[in-house]
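**Student:** entry.pdb (PDB, C-alpha atoms, pLDDT in the B column) pasted underneath:
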ATOM      1  CA  MET D   1      20.979 -41.973  21.708  1.00 58.00           C
ATOM      2  CA  LYS D   2      24.391 -43.028  20.450  1.00 68.00           C
ATOM      3  CA  ASN D   3      23.466 -41.988  16.899  1.00 79.00           C
ATOM      4  CA  ILE D   4      22.423 -38.535  18.099  1.00 82.00           C
ATOM      5  CA  SER D   5      25.692 -38.093  20.001  1.00 82.00           C
ATOM      6  CA  ASN D   6      27.711 -39.090  16.938  1.00 83.00           C
ATOM      7  CA  PHE D   7      25.676 -36.729  14.792  1.00 82.00           C
ATOM      8  CA  ILE D   8      26.296 -33.828  17.180  1.00 82.00           C
ATOM      9  CA  VAL D   9      30.043 -34.566  17.243  1.00 81.00           C
ATOM     10  CA  GLU D  10      30.128 -34.630  13.443  1.00 83.00           C
ATOM     11  CA  LEU D  11      28.291 -31.310  13.310  1.00 81.00           C
ATOM     12  CA  GLU D  12      30.738 -29.747  15.736  1.00 81.00           C
ATOM     13  CA  ASN D  13      33.690 -31.020  13.666  1.00 79.00           C
ATOM     14  CA  LEU D  14      32.089 -29.684  10.498  1.00 78.00           C
ATOM     15  CA  LYS D  15      31.492 -26.353  12.174  1.00 74.00           C
ATOM     16  CA  SER D  16      35.118 -26.026  13.255  1.00 70.00           C
ATOM     17  CA  ASP D  17      36.363 -27.070   9.788  1.00 66.00           C
ATOM     18  CA  MET D  18      34.271 -24.396   8.101  1.00 67.00           C
ATOM     19  CA  GLY D  19      36.437 -21.564   9.406  1.00 62.00           C
ATOM     20  CA  LYS D  20      39.545 -23.153   7.954  1.00 58.00           C
ATOM     21  CA  GLY D  21      38.328 -22.712   4.396  1.00 54.00           C
ATOM     22  CA  LYS D  22      38.730 -18.939   4.512  1.00 55.00           C
ATOM     23  CA  ASN D  23      42.492 -19.202   4.763  1.00 62.00           C
ATOM     24  CA  ALA D  24      42.631 -21.548   1.779  1.00 72.00           C
ATOM     25  CA  LEU D  25      41.566 -18.847  -0.697  1.00 79.00           C
ATOM     26  CA  THR D  26      44.421 -17.310  -2.639  1.00 86.00           C
ATOM     27  CA  GLN D  27      44.559 -13.702  -3.734  1.00 90.00           C
ATOM     28  CA  GLU D  28      43.720 -14.832  -7.286  1.00 91.00           C
ATOM     29  CA  ASP D  29      40.666 -16.715  -6.008  1.00 90.00           C
ATOM     30  CA  ILE D  30      39.493 -13.637  -4.130  1.00 91.00           C
ATOM     31  CA  LYS D  31      40.162 -11.458  -7.201  1.00 94.00           C
ATOM     32  CA  PHE D  32      38.192 -13.863  -9.416  1.00 94.00           C
ATOM     33  CA  ILE D  33      35.268 -13.955  -6.984  1.00 93.00           C
ATOM     34  CA  ASN D  34      35.205 -10.172  -6.633  1.00 96.00           C
ATOM     35  CA  GLU D  35      35.421  -9.620 -10.400  1.00 97.00           C
ATOM     36  CA  ARG D  36      32.551 -12.050 -10.910  1.00 96.00           C
ATOM     37  CA  LYS D  37      30.454 -10.292  -8.286  1.00 96.00           C
ATOM     38  CA  LEU D  38      31.287  -6.954  -9.907  1.00 97.00           C
ATOM     39  CA  ARG D  39      30.136  -8.199 -13.331  1.00 97.00           C
ATOM     40  CA  GLU D  40      26.938  -9.573 -11.801  1.00 96.00           C
ATOM     41  CA  PHE D  41      26.187  -6.252 -10.114  1.00 96.00           C
ATOM     42  CA  GLN D  42      26.987  -4.320 -13.299  1.00 97.00           C
ATOM     43  CA  ASP D  43      24.637  -6.614 -15.226  1.00 97.00           C
ATOM     44  CA  LYS D  44      21.972  -6.003 -12.609  1.00 97.00           C
ATOM     45  CA  VAL D  45      22.432  -2.231 -12.905  1.00 97.00           C
ATOM     46  CA  ASN D  46      22.005  -2.516 -16.685  1.00 97.00           C
ATOM     47  CA  GLN D  47      18.851  -4.604 -16.230  1.00 97.00           C
ATOM     48  CA  LEU D  48      17.473  -2.056 -13.791  1.00 97.00           C
ATOM     49  CA  ASP D  49      18.286   0.803 -16.181  1.00 97.00           C
ATOM     50  CA  GLU D  50      16.383  -1.004 -18.941  1.00 97.00           C
ATOM     51  CA  GLU D  51      13.429  -1.608 -16.626  1.00 97.00           C
ATOM     52  CA  ILE D  52      13.404   2.057 -15.580  1.00 97.00           C
ATOM     53  CA  GLN D  53      13.439   3.112 -19.243  1.00 98.00           C
ATOM     54  CA  ARG D  54      10.520   0.755 -19.998  1.00 98.00           C
ATOM     55  CA  GLU D  55       8.557   2.267 -17.119  1.00 98.00           C
ATOM     56  CA  ILE D  56       9.284   5.788 -18.373  1.00 98.00           C
ATOM     57  CA  ASP D  57       8.176   4.799 -21.886  1.00 98.00           C
ATOM     58  CA  ASP D  58       5.003   3.242 -20.460  1.00 98.00           C
ATOM     59  CA  LEU D  59       4.298   6.416 -18.503  1.00 97.00           C
ATOM     60  CA  PHE D  60       4.599   8.633 -21.586  1.00 97.00           C
ATOM     61  CA  ALA D  61       2.465   6.234 -23.626  1.00 98.00           C
ATOM     62  CA  TYR D  62      -0.198   6.382 -20.901  1.00 98.00           C
ATOM     63  CA  VAL D  63      -0.032  10.184 -20.754  1.00 98.00           C
ATOM     64  CA  ASN D  64      -0.366  10.385 -24.552  1.00 97.00           C
ATOM     65  CA  MET D  65      -3.344   8.044 -24.458  1.00 98.00           C
ATOM     66  CA  LYS D  66      -5.017  10.143 -21.764  1.00 98.00           C
ATOM     67  CA  GLN D  67      -4.304  13.334 -23.701  1.00 97.00           C
ATOM     68  CA  ALA D  68      -5.953  11.859 -26.796  1.00 97.00           C
ATOM     69  CA  SER D  69      -8.919  10.785 -24.685  1.00 97.00           C
ATOM     70  CA  ILE D  70      -9.289  14.274 -23.215  1.00 98.00           C
ATOM     71  CA  GLU D  71      -9.090  15.835 -26.675  1.00 98.00           C
ATOM     72  CA  SER D  72     -11.766  13.434 -27.954  1.00 98.00           C
ATOM     73  CA  PHE D  73     -14.088  14.221 -25.073  1.00 98.00           C
ATOM     74  CA  SER D  74     -13.514  17.945 -25.605  1.00 98.00           C
ATOM     75  CA  LEU D  75     -14.481  17.634 -29.279  1.00 98.00           C
ATOM     76  CA  ILE D  76     -17.584  15.626 -28.370  1.00 98.00           C
ATOM     77  CA  LYS D  77     -18.492  18.212 -25.750  1.00 98.00           C
ATOM     78  CA  GLY D  78     -18.141  20.976 -28.350  1.00 97.00           C
ATOM     79  CA  TYR D  79     -20.456  19.119 -30.708  1.00 98.00           C
ATOM     80  CA  VAL D  80     -23.039  18.435 -27.988  1.00 98.00           C
ATOM     81  CA  THR D  81     -22.891  22.070 -26.842  1.00 97.00           C
ATOM     82  CA  SER D  82     -23.516  23.324 -30.379  1.00 97.00           C
ATOM     83  CA  GLU D  83     -26.456  20.930 -30.751  1.00 97.00           C
ATOM     84  CA  ILE D  84     -27.898  22.192 -27.467  1.00 97.00           C
ATOM     85  CA  LYS D  85     -27.662  25.773 -28.715  1.00 96.00           C
ATOM     86  CA  LYS D  86     -29.396  24.828 -31.958  1.00 95.00           C
ATOM     87  CA  LEU D  87     -32.204  23.082 -30.077  1.00 95.00           C
ATOM     88  CA  GLU D  88     -32.611  25.977 -27.631  1.00 94.00           C
ATOM     89  CA  GLN D  89     -32.818  28.407 -30.547  1.00 94.00           C
ATOM     90  CA  SER D  90     -35.376  26.196 -32.259  1.00 92.00           C
ATOM     91  CA  LEU D  91     -37.468  26.047 -29.061  1.00 92.00           C
ATOM     92  CA  LYS D  92     -37.322  29.847 -28.704  1.00 91.00           C
ATOM     93  CA  GLU D  93     -38.558  30.259 -32.248  1.00 89.00           C
ATOM     94  CA  LEU D  94     -41.396  27.803 -31.590  1.00 87.00           C
ATOM     95  CA  ASN D  95     -42.437  29.690 -28.468  1.00 83.00           C
ATOM     96  CA  ILE D  96     -42.544  32.953 -30.367  1.00 79.00           C
ATOM     97  CA  ASN D  97     -44.628  31.412 -33.118  1.00 71.00           C
ATOM     98  CA  VAL D  98     -47.060  29.826 -30.649  1.00 64.00           C
ATOM     99  CA  VAL D  99     -47.653  33.105 -28.789  1.00 57.00           C
ATOM    100  CA  LYS D 100     -48.681  35.016 -31.921  1.00 53.00           C
TER     101      LYS D 100
END
Is it possible to express this structure as C-alpha coordinates?

**Tutor:**
Amino acid sequence: MKNISNFIVELENLKSDMGKGKNALTQEDIKFINERKLREFQDKVNQLDEEIQREIDDLFAYVNMKQASIESFSLIKGYVTSEIKKLEQSLKELNINVVK
(Lines of atoms letter the chains of each structure in order from A and count residues from 1; the text may use other names and numbers.)
(Lines give C-alpha, C1' and ligand atoms only; values in the text may rest on other atoms or scores of the structure.)
Protein backbone atom coordinates (compact mmCIF):
# COMPACT_ATOMS: atom_id res chain seq x y z
CA MET A 1 0.00 0.00 0.00
CA LYS A 2 2.88 2.31 0.81
CA ASN A 3 4.43 1.69 -2.62
CA ILE A 4 1.16 2.60 -4.34
CA SER A 5 0.88 5.82 -2.34
CA ASN A 6 4.45 6.79 -3.24
CA PHE A 7 3.78 5.99 -6.87
CA ILE A 8 0.67 8.18 -6.92
CA VAL A 9 2.57 11.06 -5.29
CA GLU A 10 5.33 10.74 -7.88
CA LEU A 11 2.76 10.77 -10.68
CA GLU A 12 1.14 13.89 -9.28
CA ASN A 13 4.53 15.62 -9.03
CA LEU A 14 5.36 14.59 -12.59
CA LYS A 15 2.01 15.87 -13.76
CA SER A 16 2.52 19.27 -12.16
CA ASP A 17 6.09 19.51 -13.53
CA MET A 18 4.89 18.85 -17.07
CA GLY A 19 3.21 22.24 -17.37
CA LYS A 20 6.42 24.01 -16.44
CA GLY A 21 8.19 22.84 -19.57
CA LYS A 22 6.09 25.05 -21.83
CA ASN A 23 7.59 28.21 -20.38
CA ALA A 24 11.12 26.89 -20.89
CA LEU A 25 10.88 27.06 -24.70
CA THR A 26 12.53 30.10 -26.22
CA GLN A 27 11.28 31.89 -29.30
CA GLU A 28 14.11 30.27 -31.29
CA ASP A 29 13.05 26.82 -30.06
CA ILE A 30 9.47 27.50 -31.10
CA LYS A 31 10.66 28.86 -34.47
CA PHE A 32 12.82 25.76 -35.03
CA ILE A 33 9.96 23.41 -34.13
CA ASN A 34 7.51 25.25 -36.37
CA GLU A 35 9.95 25.35 -39.30
CA ARG A 36 10.55 21.63 -38.91
CA LYS A 37 6.82 20.92 -38.84
CA LEU A 38 6.38 23.13 -41.91
CA ARG A 39 9.06 21.20 -43.83
CA GLU A 40 7.47 17.90 -42.80
CA PHE A 41 4.06 19.04 -44.01
CA GLN A 42 5.52 20.38 -47.26
CA ASP A 43 7.26 17.04 -47.80
CA LYS A 44 3.97 15.28 -47.15
CA VAL A 45 2.19 17.50 -49.68
CA ASN A 46 4.86 16.63 -52.27
CA GLN A 47 4.47 12.92 -51.51
CA LEU A 48 0.71 13.21 -51.87
CA ASP A 49 1.08 15.09 -55.17
CA GLU A 50 3.31 12.29 -56.48
CA GLU A 51 0.82 9.66 -55.33
CA ILE A 52 -2.05 11.54 -57.00
CA GLN A 53 -0.05 11.74 -60.24
CA ARG A 54 0.67 7.98 -60.09
CA GLU A 55 -3.04 7.30 -59.64
CA ILE A 56 -3.89 9.54 -62.59
CA ASP A 57 -1.28 7.76 -64.73
CA ASP A 58 -2.68 4.39 -63.65
CA LEU A 59 -6.18 5.52 -64.56
CA PHE A 60 -5.16 6.58 -68.07
CA ALA A 61 -3.19 3.36 -68.56
CA TYR A 62 -6.29 1.38 -67.53
CA VAL A 63 -8.52 3.41 -69.86
CA ASN A 64 -6.08 2.86 -72.74
CA MET A 65 -6.00 -0.86 -72.03
CA LYS A 66 -9.80 -1.02 -72.00
CA GLN A 67 -9.98 0.98 -75.23
CA ALA A 68 -7.60 -1.47 -76.91
CA SER A 69 -9.68 -4.36 -75.61
CA ILE A 70 -12.89 -2.83 -76.97
CA GLU A 71 -11.25 -2.22 -80.34
CA SER A 72 -10.05 -5.83 -80.46
CA PHE A 73 -13.49 -7.18 -79.64
CA SER A 74 -15.02 -4.91 -82.27
CA LEU A 75 -12.63 -6.25 -84.92
CA ILE A 76 -13.38 -9.83 -83.89
CA LYS A 77 -17.09 -9.10 -84.01
CA GLY A 78 -16.70 -7.68 -87.53
CA TYR A 79 -14.90 -10.82 -88.64
CA VAL A 80 -17.48 -13.14 -87.05
CA THR A 81 -20.33 -11.11 -88.58
CA SER A 82 -18.80 -11.37 -92.05
CA GLU A 83 -18.35 -15.13 -91.61
CA ILE A 84 -21.99 -15.45 -90.57
CA LYS A 85 -23.07 -13.60 -93.71
CA LYS A 86 -20.93 -15.88 -95.86
CA LEU A 87 -22.40 -18.99 -94.23
CA GLU A 88 -25.97 -17.68 -94.53
CA GLN A 89 -25.39 -16.95 -98.22
CA SER A 90 -23.93 -20.41 -98.72
CA LEU A 91 -26.96 -21.99 -97.00
CA LYS A 92 -29.35 -19.96 -99.19
CA GLU A 93 -27.58 -21.17 -102.30
CA LEU A 94 -27.78 -24.77 -101.07
CA ASN A 95 -31.50 -24.44 -100.42
CA ILE A 96 -32.08 -23.11 -103.91
CA ASN A 97 -30.09 -25.94 -105.44
CA VAL A 98 -31.91 -28.59 -103.39
CA VAL A 99 -35.36 -27.31 -104.41
CA LYS A 100 -34.66 -27.56 -108.14

**Student:** Between CA of Lys66 (chain D) and CA of Val80 (chain D), what is the distance in Å, rounded to a tenth?

**Tutor:**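 Calculated distance between CA of Lys66 (chain D) and CA of Val80 (chain D) is 20.8 Å.
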
**Student:** Could you check how far CA of Ile8 (chain D) sits from CA of Leu25 (chain D), in Å to one decimal?

**Tutor:**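 Between CA of Ile8 (chain D) and CA of Leu25 (chain D) the gap is 27.9 Å.
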
**Student:** One number please: CA of Lys77 (chain D) to CA of Ala61 (chain D), in Å, one decimal.

**Tutor:**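 Atom-to-atom, CA of Lys77 (chain D) and CA of Ala61 (chain D) are spaced 24.2 Å apart.
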